[in-house]
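This is work15.cif (mmCIF, C-alpha atoms and all ligand atoms).
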data_protein
loop_
_atom_site.label_atom_id
_atom_site.label_comp_id
_atom_site.auth_asym_id
_atom_site.auth_seq_id
_atom_site.Cartn_x
_atom_site.Cartn_y
_atom_site.Cartn_z
CA MET A 9 135.79 9.64 44.07
CA THR A 10 136.98 12.68 42.08
CA LYS A 11 135.64 15.95 43.43
CA ILE A 12 134.15 18.09 40.66
CA GLU A 13 135.11 21.76 41.20
CA THR A 14 132.87 24.47 39.74
CA PRO A 15 135.10 26.64 37.52
CA VAL A 16 135.38 30.16 38.96
CA ALA A 17 133.95 31.74 35.78
CA GLU A 18 130.77 29.71 36.15
CA LYS A 19 130.20 30.50 39.78
CA PRO A 20 126.93 32.38 40.13
CA ILE A 21 127.13 36.03 41.15
CA PRO A 22 125.48 36.50 44.54
CA GLY A 23 122.57 38.91 45.03
CA GLY A 24 120.73 40.28 42.00
CA LYS A 25 117.62 41.91 43.44
CA GLU A 26 118.03 44.55 46.11
CA VAL A 27 121.80 44.00 46.21
CA LEU A 28 123.93 43.96 43.06
CA VAL A 29 127.49 42.64 42.90
CA GLU A 30 130.04 43.42 40.22
CA PHE A 31 133.52 41.87 40.22
CA GLU A 32 136.49 43.83 38.90
CA ASP A 33 140.08 42.65 39.37
CA GLY A 34 139.66 41.49 42.96
CA ILE A 35 137.20 44.21 43.97
CA ALA A 36 133.59 43.25 44.68
CA TRP A 37 131.42 46.33 44.15
CA VAL A 38 128.42 45.60 46.38
CA GLN A 39 125.59 47.98 45.58
CA LEU A 40 122.40 48.66 47.47
CA ASN A 41 119.85 48.52 44.68
CA ARG A 42 116.67 50.33 45.60
CA PRO A 43 117.36 53.60 43.77
CA ALA A 44 113.69 54.59 43.56
CA LYS A 45 113.62 54.46 47.38
CA ARG A 46 117.04 56.14 47.68
CA ASN A 47 118.41 52.75 48.75
CA ALA A 48 116.46 52.79 52.00
CA MET A 49 117.25 49.53 53.75
CA SER A 50 114.33 47.12 53.88
CA VAL A 51 113.85 43.75 55.57
CA GLY A 52 114.34 42.04 52.19
CA LEU A 53 117.53 43.96 51.51
CA ALA A 54 118.93 42.81 54.85
CA ARG A 55 118.16 39.20 54.03
CA GLU A 56 119.86 39.48 50.65
CA MET A 57 122.84 41.43 51.97
CA ASN A 58 123.46 38.77 54.62
CA GLU A 59 123.59 36.12 51.89
CA VAL A 60 125.80 38.25 49.64
CA LEU A 61 128.38 39.11 52.30
CA ASP A 62 128.42 35.52 53.47
CA ALA A 63 129.09 34.29 49.92
CA LEU A 64 131.77 36.91 49.14
CA GLU A 65 133.78 36.06 52.22
CA THR A 66 134.88 32.77 50.61
CA ASP A 67 134.71 33.86 46.96
CA ASP A 68 138.14 34.17 45.33
CA ARG A 69 136.85 36.86 42.97
CA CYS A 70 136.54 39.16 45.99
CA GLY A 71 139.64 40.48 47.78
CA VAL A 72 138.11 43.77 48.90
CA VAL A 73 134.43 44.72 49.31
CA VAL A 74 133.31 48.19 48.28
CA LEU A 75 129.85 49.03 49.61
CA THR A 76 127.96 51.68 47.65
CA GLY A 77 124.54 52.55 46.25
CA VAL A 78 122.91 52.49 42.83
CA GLY A 79 121.71 55.90 41.65
CA GLU A 80 121.84 59.13 43.60
CA ALA A 81 121.96 57.71 47.15
CA PHE A 82 124.38 55.71 49.26
CA SER A 83 121.39 54.96 51.48
CA ALA A 84 118.57 57.05 52.94
CA GLY A 85 118.76 54.90 56.08
CA MET A 86 116.28 52.36 57.35
CA ASP A 87 113.17 52.00 55.23
CA LEU A 88 110.62 53.83 57.34
CA LYS A 89 107.69 52.08 55.71
CA ASP A 90 108.98 48.57 55.22
CA PHE A 91 111.03 48.41 58.36
CA PHE A 92 109.23 50.44 60.95
CA ARG A 93 105.57 50.69 59.97
CA ALA A 94 105.42 47.11 58.64
CA THR A 95 107.33 45.57 61.55
CA ASP A 96 105.30 47.53 64.12
CA GLY A 97 102.43 45.13 63.38
CA LEU A 98 104.52 42.00 63.95
CA SER A 99 104.90 39.87 67.04
CA ASP A 100 107.82 40.59 69.35
CA ILE A 101 109.69 37.57 68.05
CA GLU A 102 109.20 38.49 64.39
CA ARG A 103 110.33 42.06 65.05
CA HIS A 104 113.36 40.77 66.89
CA ARG A 105 114.26 38.58 63.91
CA ALA A 106 113.95 41.51 61.49
CA TYR A 107 116.19 43.70 63.67
CA ARG A 108 118.68 40.90 64.15
CA SER A 109 118.89 40.34 60.40
CA THR A 110 119.55 44.01 59.65
CA ARG A 111 122.06 44.44 62.47
CA ALA A 112 123.84 41.30 61.32
CA TRP A 113 125.13 42.73 58.05
CA GLN A 114 125.25 46.42 59.01
CA TRP A 115 127.25 45.86 62.14
CA ARG A 116 128.47 42.41 63.16
CA THR A 117 129.38 41.07 59.74
CA LEU A 118 130.97 44.22 58.36
CA MET A 119 132.79 44.99 61.59
CA HIS A 120 134.37 41.53 61.72
CA TYR A 121 134.52 40.75 58.02
CA ALA A 122 137.35 38.53 56.82
CA LYS A 123 138.17 40.86 53.92
CA PRO A 124 138.82 44.60 53.87
CA THR A 125 135.76 46.80 53.38
CA ILE A 126 135.42 50.31 51.98
CA ALA A 127 132.22 52.38 52.03
CA MET A 128 131.96 54.53 48.90
CA VAL A 129 129.42 57.22 49.72
CA ASN A 130 127.99 58.32 46.39
CA GLY A 131 125.09 60.49 47.62
CA TRP A 132 122.45 60.72 50.37
CA CYS A 133 123.54 59.06 53.61
CA PHE A 134 121.08 59.26 56.50
CA GLY A 135 120.33 57.72 59.87
CA GLY A 136 120.68 53.94 59.82
CA ALA A 137 123.14 54.19 56.91
CA PHE A 138 125.74 55.48 59.38
CA THR A 139 126.04 51.96 60.81
CA PRO A 140 127.36 50.18 57.68
CA LEU A 141 129.33 53.33 56.82
CA ILE A 142 131.18 53.22 60.15
CA CYS A 143 131.47 49.43 60.30
CA CYS A 144 133.34 49.39 56.98
CA ASP A 145 137.09 49.71 57.58
CA LEU A 146 137.48 52.80 55.39
CA ALA A 147 135.20 55.31 53.70
CA VAL A 148 135.57 57.55 50.68
CA THR A 149 132.85 60.05 49.89
CA ASP A 150 131.67 62.31 47.12
CA GLU A 151 132.51 65.76 48.48
CA LYS A 152 128.93 66.83 47.71
CA ALA A 153 127.23 63.81 49.32
CA VAL A 154 124.66 64.81 51.94
CA PHE A 155 124.82 63.21 55.38
CA GLY A 156 122.49 63.56 58.34
CA LEU A 157 121.46 62.01 61.63
CA SER A 158 117.91 62.88 60.66
CA GLU A 159 116.13 60.69 63.24
CA ILE A 160 115.29 63.60 65.55
CA ASN A 161 113.55 65.26 62.57
CA TRP A 162 111.01 62.46 62.34
CA GLY A 163 110.51 61.84 66.03
CA VAL A 164 112.84 58.98 66.97
CA ILE A 165 116.29 58.61 68.44
CA PRO A 166 119.28 57.28 66.46
CA GLY A 167 118.56 53.65 67.33
CA GLY A 168 119.75 50.32 65.98
CA VAL A 169 123.40 50.75 66.84
CA VAL A 170 123.76 54.20 65.24
CA SER A 171 124.40 56.06 68.51
CA LYS A 172 127.05 53.53 69.48
CA ALA A 173 128.65 53.51 66.03
CA ILE A 174 129.01 57.30 65.82
CA SER A 175 130.60 57.37 69.28
CA THR A 176 133.49 55.28 67.93
CA VAL A 177 134.50 57.81 65.27
CA MET A 178 133.06 61.21 66.29
CA GLY A 179 133.86 63.33 69.31
CA ASP A 180 131.04 63.72 71.86
CA ARG A 181 130.39 67.40 71.16
CA GLN A 182 130.08 66.87 67.42
CA ALA A 183 128.09 63.65 67.70
CA LEU A 184 125.60 65.21 70.11
CA TYR A 185 125.31 68.32 67.97
CA TYR A 186 124.17 66.27 64.97
CA VAL A 187 122.08 63.84 67.06
CA MET A 188 120.25 66.80 68.63
CA SER A 189 119.98 69.13 65.64
CA GLY A 190 119.40 66.65 62.80
CA GLU A 191 121.35 69.13 60.65
CA LYS A 192 122.71 67.86 57.35
CA PHE A 193 126.34 68.16 56.28
CA ASP A 194 128.50 67.45 53.23
CA GLY A 195 131.31 65.03 52.40
CA ALA A 196 134.11 67.42 53.37
CA LYS A 197 132.51 67.86 56.78
CA ALA A 198 132.12 64.07 57.07
CA VAL A 199 135.91 63.79 56.74
CA ALA A 200 136.44 66.48 59.40
CA LEU A 201 134.06 64.57 61.71
CA GLY A 202 135.97 61.30 61.27
CA LEU A 203 133.21 59.58 59.30
CA ALA A 204 135.21 59.25 56.08
CA ASN A 205 138.87 59.12 55.10
CA GLU A 206 138.60 61.30 52.03
CA ALA A 207 136.13 63.45 50.12
CA VAL A 208 136.66 63.70 46.37
CA PRO A 209 134.74 65.13 43.42
CA LYS A 210 132.03 62.75 42.18
CA GLU A 211 133.85 62.02 38.91
CA GLN A 212 136.91 60.77 40.83
CA LEU A 213 135.01 58.75 43.42
CA ARG A 214 135.13 55.32 41.82
CA ALA A 215 138.72 55.67 40.57
CA ARG A 216 140.04 56.83 43.95
CA THR A 217 138.14 54.08 45.77
CA ALA A 218 139.52 51.47 43.35
CA GLU A 219 143.02 52.87 43.87
CA ILE A 220 142.74 52.39 47.65
CA ALA A 221 141.29 48.90 47.12
CA ARG A 222 144.24 47.99 44.86
CA THR A 223 146.69 49.11 47.55
CA LEU A 224 144.96 46.72 49.98
CA LEU A 225 144.95 43.92 47.40
CA GLY A 226 148.75 44.20 47.25
CA LYS A 227 149.16 43.37 50.95
CA ASN A 228 149.50 39.98 52.58
CA PRO A 229 145.75 39.18 53.09
CA THR A 230 146.25 37.16 56.28
CA VAL A 231 148.28 39.86 57.99
CA LEU A 232 145.85 42.50 56.76
CA ARG A 233 142.91 40.61 58.28
CA GLN A 234 144.72 40.08 61.57
CA ALA A 235 145.78 43.75 61.70
CA ARG A 236 142.22 44.99 61.15
CA MET A 237 140.80 42.64 63.76
CA ALA A 238 143.55 43.40 66.25
CA TYR A 239 142.83 47.13 66.00
CA LYS A 240 139.08 46.71 66.36
CA TYR A 241 139.27 44.41 69.39
CA ALA A 242 142.17 46.24 71.08
CA ARG A 243 140.32 49.54 71.13
CA GLU A 244 137.67 48.01 73.42
CA MET A 245 140.28 46.73 75.91
CA THR A 246 142.27 48.20 78.75
CA TRP A 247 145.97 48.88 78.03
CA GLU A 248 146.99 45.81 80.03
CA GLN A 249 144.58 43.56 78.16
CA ALA A 250 145.51 45.07 74.80
CA SER A 251 149.20 44.55 75.43
CA GLU A 252 148.69 40.86 76.25
CA TYR A 253 146.22 40.35 73.40
CA LEU A 254 148.36 42.06 70.77
CA THR A 255 151.46 40.12 71.75
CA ALA A 256 149.50 36.89 71.39
CA LYS A 257 147.97 38.12 68.13
CA VAL A 258 151.40 38.68 66.60
CA ASP A 259 152.27 35.06 67.39
CA GLN A 260 148.93 33.82 66.09
CA THR A 261 149.41 35.80 62.86
CA ASN A 262 152.76 34.11 62.27
CA PHE A 263 151.15 30.77 62.94
CA VAL A 264 148.24 31.17 60.51
CA ASP A 265 150.06 33.08 57.75
CA PRO A 266 150.74 30.71 54.83
CA GLU A 267 153.05 33.33 53.25
CA ARG A 268 155.28 33.52 56.34
CA GLY A 269 155.15 37.30 55.85
CA LYS A 270 157.16 38.33 58.89
CA GLU A 271 159.94 35.89 58.05
CA GLN A 272 160.05 37.14 54.45
CA GLY A 273 159.99 40.78 55.51
CA LEU A 274 162.82 40.36 58.01
CA LYS A 275 164.92 38.32 55.57
CA GLN A 276 164.50 40.80 52.74
CA PHE A 277 165.24 43.82 54.97
CA LEU A 278 167.94 42.51 57.31
CA ASP A 279 169.74 39.87 55.25
CA GLU A 280 169.15 40.60 51.58
CA LYS A 281 168.74 44.34 52.07
CA SER A 282 166.36 44.28 49.09
CA PHE A 283 163.59 46.50 50.46
CA ARG A 284 162.76 49.00 53.18
CA PRO A 285 159.51 48.46 55.14
CA GLY A 286 159.09 52.21 55.50
CA LEU A 287 158.98 52.63 51.74
CA GLY A 288 156.82 49.75 50.51
CA ASN A 289 155.88 46.06 50.63
CA TYR A 290 158.23 43.08 50.93
CA VAL A 291 158.26 41.02 47.74
CA ARG A 292 155.51 38.43 48.02
CA ALA A 293 156.02 35.02 46.44
CA GLU A 294 153.98 34.41 43.26
N1 LIG B 1 112.37 55.02 54.04
C1 LIG B 1 111.39 54.73 53.20
N2 LIG B 1 111.26 55.33 52.01
C2 LIG B 1 112.13 56.26 51.68
C3 LIG B 1 113.20 56.62 52.51
C4 LIG B 1 113.30 55.93 53.75
N3 LIG B 1 114.30 56.15 54.61
N4 LIG B 1 113.92 57.58 51.91
C5 LIG B 1 113.33 57.81 50.74
N5 LIG B 1 112.24 57.02 50.59
C6 LIG B 1 111.31 56.95 49.47
C7 LIG B 1 110.31 58.09 49.48
O1 LIG B 1 109.24 57.82 50.33
C8 LIG B 1 109.94 58.12 48.02
O2 LIG B 1 109.04 57.07 47.77
P1 LIG B 1 107.79 57.26 46.76
O3 LIG B 1 108.42 57.53 45.42
O4 LIG B 1 107.06 55.96 46.81
O5 LIG B 1 107.01 58.43 47.25
C9 LIG B 1 111.24 57.78 47.30
O6 LIG B 1 112.04 57.09 48.26
C10 LIG B 1 112.02 58.98 46.84
O7 LIG B 1 112.17 59.84 47.97
P2 LIG B 1 112.06 61.42 47.87
O8 LIG B 1 111.93 61.95 49.25
O9 LIG B 1 111.00 61.82 46.88
O10 LIG B 1 113.49 61.75 47.22
P3 LIG B 1 114.35 63.10 47.29
O11 LIG B 1 115.49 62.85 46.36
O12 LIG B 1 113.49 64.28 47.07
O13 LIG B 1 114.90 63.19 48.78
C11 LIG B 1 115.95 62.27 50.77
C12 LIG B 1 115.88 62.26 49.22
C13 LIG B 1 116.93 61.17 51.14
C14 LIG B 1 116.43 63.64 51.26
C15 LIG B 1 114.53 61.98 51.38
O14 LIG B 1 113.95 60.87 50.70
C16 LIG B 1 114.54 61.68 52.86
O15 LIG B 1 114.61 62.60 53.65
N6 LIG B 1 114.49 60.40 53.22
C17 LIG B 1 114.49 59.98 54.63
C18 LIG B 1 115.87 60.12 55.21
C19 LIG B 1 115.89 59.69 56.68
O16 LIG B 1 115.48 60.41 57.54
N7 LIG B 1 116.40 58.52 56.90
C20 LIG B 1 116.62 58.03 58.26
C21 LIG B 1 116.09 56.67 58.36
S1 LIG B 1 116.79 55.87 59.79
#
Output the file's structure in the form of structure tokens.
Amino acid sequence: MTKIETPVAEKPIPGGKEVLVEFEDGIAWVQLNRPAKRNAMSVGLAREMNEVLDALETDDRCGVVVLTGVGEAFSAGMDLKDFFRATDGLSDIERHRAYRSTRAWQWRTLMHYAKPTIAMVNGWCFGGAFTPLICCDLAVTDEKAVFGLSEINWGVIPGGVVSKAISTVMGDRQALYYVMSGEKFDGAKAVALGLANEAVPKEQLRARTAEIARTLLGKNPTVLRQARMAYKYAREMTWEQASEYLTAKVDQTNFVDPERGKEQGLKQFLDEKSFRPGLGNYVRAE
């Protein structure tokens, strides 16, 4: 029987309510869409985001995910009303399911996503929003965006996995300072603290983020995925374990790479002398 393929152009766009997706030349702009609530993350948003990220992972229109917010906020963190007050009244099991659903996309899925991820911080970024920010591979921020570990200001600790996430990118002194003071800071400071790669003026934010995404789109996607995963897993290991794991990962990458990237790279550098790895990419087959 002939299999009927849905043409790419007719594929539905995932999300549409609290998460909007826009495709542009291989970039999926994934936007938290609760601007009136400063993109505070609700139970419904988590459900939708899980579906969206799941769909994009196998969608050819998406080579890189950019996570950002509609309006003036990246995200004002967990929705204090919808998430905390509303879930406080639920049974233990229901609360557990709500937390599991939000941690799924913010942490597990983004951290281990099959495609590169960039957080584009376009405004307010508080509390729980630090988790998806840090679990994206890279982050670019508006230099005037306002960040804060504001939990202490409203009587809770940085929960979820926020305290763990910040410990992977910030030094202990700095992390504890902001955990304990709840003081806000701007995009430039976020770069100094290791939370973002670059801070740029608002009017350059989208263009600079797209430029970084295009650089990633030019790489061998299999090797890029393996490299990201190798880094993330190796940092949790001892040196001995990392050395064994990385050696095996190099072999596995060769095995699963349909482009035979390493072979191509070596041939073009050593035999054909047609490129230099230090100065750019090997020529990928069309
Ligand atoms: N949870 C639930 N609702 C939130 C929210 C959150 N985290 N952040 C903002 N909102 C809601 C407000 O309650 C308000 O709703 P309303 O219009 O129904 O009254 C709406 O979003 C706009 O917020 P407002 O405070 O008026 O906007 P602002 O532009 O003056 O200030 C912030 C923006 C982000 C500084 C402020 O909303 C804030 O401090 N939010 C909480 C940040 C926080 O501590 N997050 C940590 C959560 S883990």
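Minimum atom-to-atom distances from A:Cys144, A:Ala198, A:Leu287, A:Leu61 to Ala36 (chain A) were compared using all atoms listed in the file, and the lowest value belongs to A:Leu61.
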- [ ] Residues within 6 Å of ligand LIG 1 (chain B) should be enumerated using only C-alpha atoms and all ligand atoms and returned as a list of chain:residue names.
- [x]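 The neighbouring residues of ligand LIG 1 (chain B) are, in order, A:Ala44, A:Lys45, A:Arg46, A:Ala48, A:Ala84, A:Gly85, A:Met86, A:Asp87, A:Leu88, A:Lys89, A:Trp132, A:Phe134, A:Gly135, A:Gly136, A:Ser158, A:Glu159.
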Task: Residue among A:Ala147, A:Lys240, A:Asp96, A:Lys19 lying closest to Tyr121 (chain A), counting all atoms listed in the file - done: A:Lys240
Task: For Leu203 (chain A): contacts at 10 Å, all atoms listed in the file, fewer than 5 positions along chain excluded, given as an MDAnalysis selection string - done: chainID A and resid 138 141:142 146:149 155 174 176:178 195:198
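Each of A:Ala235, A:Val208, A:Val60, A:Val51 was compared to Lys257 (chain A) using all atoms listed in the file, and A:Ala235 turns out to be the nearest.
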Open item on the list: My list of candidates is A:Leu254, A:Ala215, A:Leu157, A:Ile35. Which is closest to Lys123 (chain A) when distances are computed with all atoms listed in the file?
Closed with: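 So, comparing all the options, the nearest one is A:Ile35.
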- [ ] Could you give me, as a PyMOL selection string, the residues that have an atom at most 9 Å away from the point (126.8, 52.4, 66.0) in the coordinates of the file, using all atoms listed in the file?
- [x] chain A and resi 115+136+138-140+142-143+166-176
Open item on the list: Measuring between only C-alpha atoms, which one of A:Asp259, A:Glu252, A:Glu211, A:Asp100 shows the shortest distance to Asn130 (chain A)?
Closed with: A:Glu211
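Closest approach to Thr76 (chain A) among A:Leu201, A:Val187, A:Ile21, A:Leu28: A:Leu28, based on only C-alpha atoms.
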Open item on the list: Would you compute the distance between CA of Thr223 (chain A) and CA of Ala81 (chain A)? Give it in Å to one decimal.
Closed with: 26.2 Å
Open item on the list: As an exercise, work out the distance from CA of Thr66 (chain A) to CA of Pro43 (chain A) in Å and give it to one decimal place.
Closed with: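 Here the two named atoms are 28.1 Å from each other.
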Task: Straight-line distance linking CA of Leu274 (chain A) with CA of Asn289 (chain A), stated in Å to one decimal - done: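 Those two atoms sit 11.6 Å apart.
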Around region 84-103 of chain A, with edges along x, y and z and 3 Å added on all six sides, what centre and edge lengths do you get, in Å to one decimal, as AutoDock Vina command-line options?
--center_x 110.6 --center_y 47.3 --center_z 61.1 --size_x 22.3 --size_y 25.5 --size_z 22.4
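For Arg105 (chain A), the list of residues within 12 Å, based on all atoms listed in the file and with local chain neighbours fewer than 6 positions off taken out, reads Val51, Ala54, Arg55, Phe91, Thr95, Leu98, Ser99, Arg111 and Ala112 of chain A.
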